[in-house]
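Presented below is the structure to which this report refers.
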Amino acid sequence: MIFDIQIEQEEDGRWIAEIPSLPGVMLYGQTPEEAKAKVKALALRVLAERIESGETEPELVSVTFNAA
């Protein structure tokens, strides 16, 4: 699975990263790198929970993130 990360800077200087294909997977960071790292970690937690609950097939063998 490939997930696109959208990142932009807020007016207050913080960076927000979001993975649109995973609703609710959005986090802030002080730098673009921090925001991307946090949103990747959250995405992996969400995917793990989906696999554990049977919502997603466990045939997932790799995850790729593309930062825009």
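Order determines the names: the first chain of the structure tokens is A, the second B, and so forth; residues in each chain are numbered 1 upward, and ligands are numbered 1 upward as they are shown.
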Report task. Would you mind writing down, as a ChimeraX atom specification, each residue of chain A that DSSP on the backbone assigns to helix (DSSP H, G or I)? Result -> /A:32-53
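Minimum distance to Ala48 of chain A across A:Ile7, A:Ile19, A:Val63, A:Ile2 (counting only C-alpha atoms) occurs at A:Val63.
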Note to self: Could you pull out the strand (DSSP E or B) residues of segment 18-62 of chain A, going by DSSP on the backbone, and write them as number ranges by chain?
What the structure shows: A: 18, 26-29
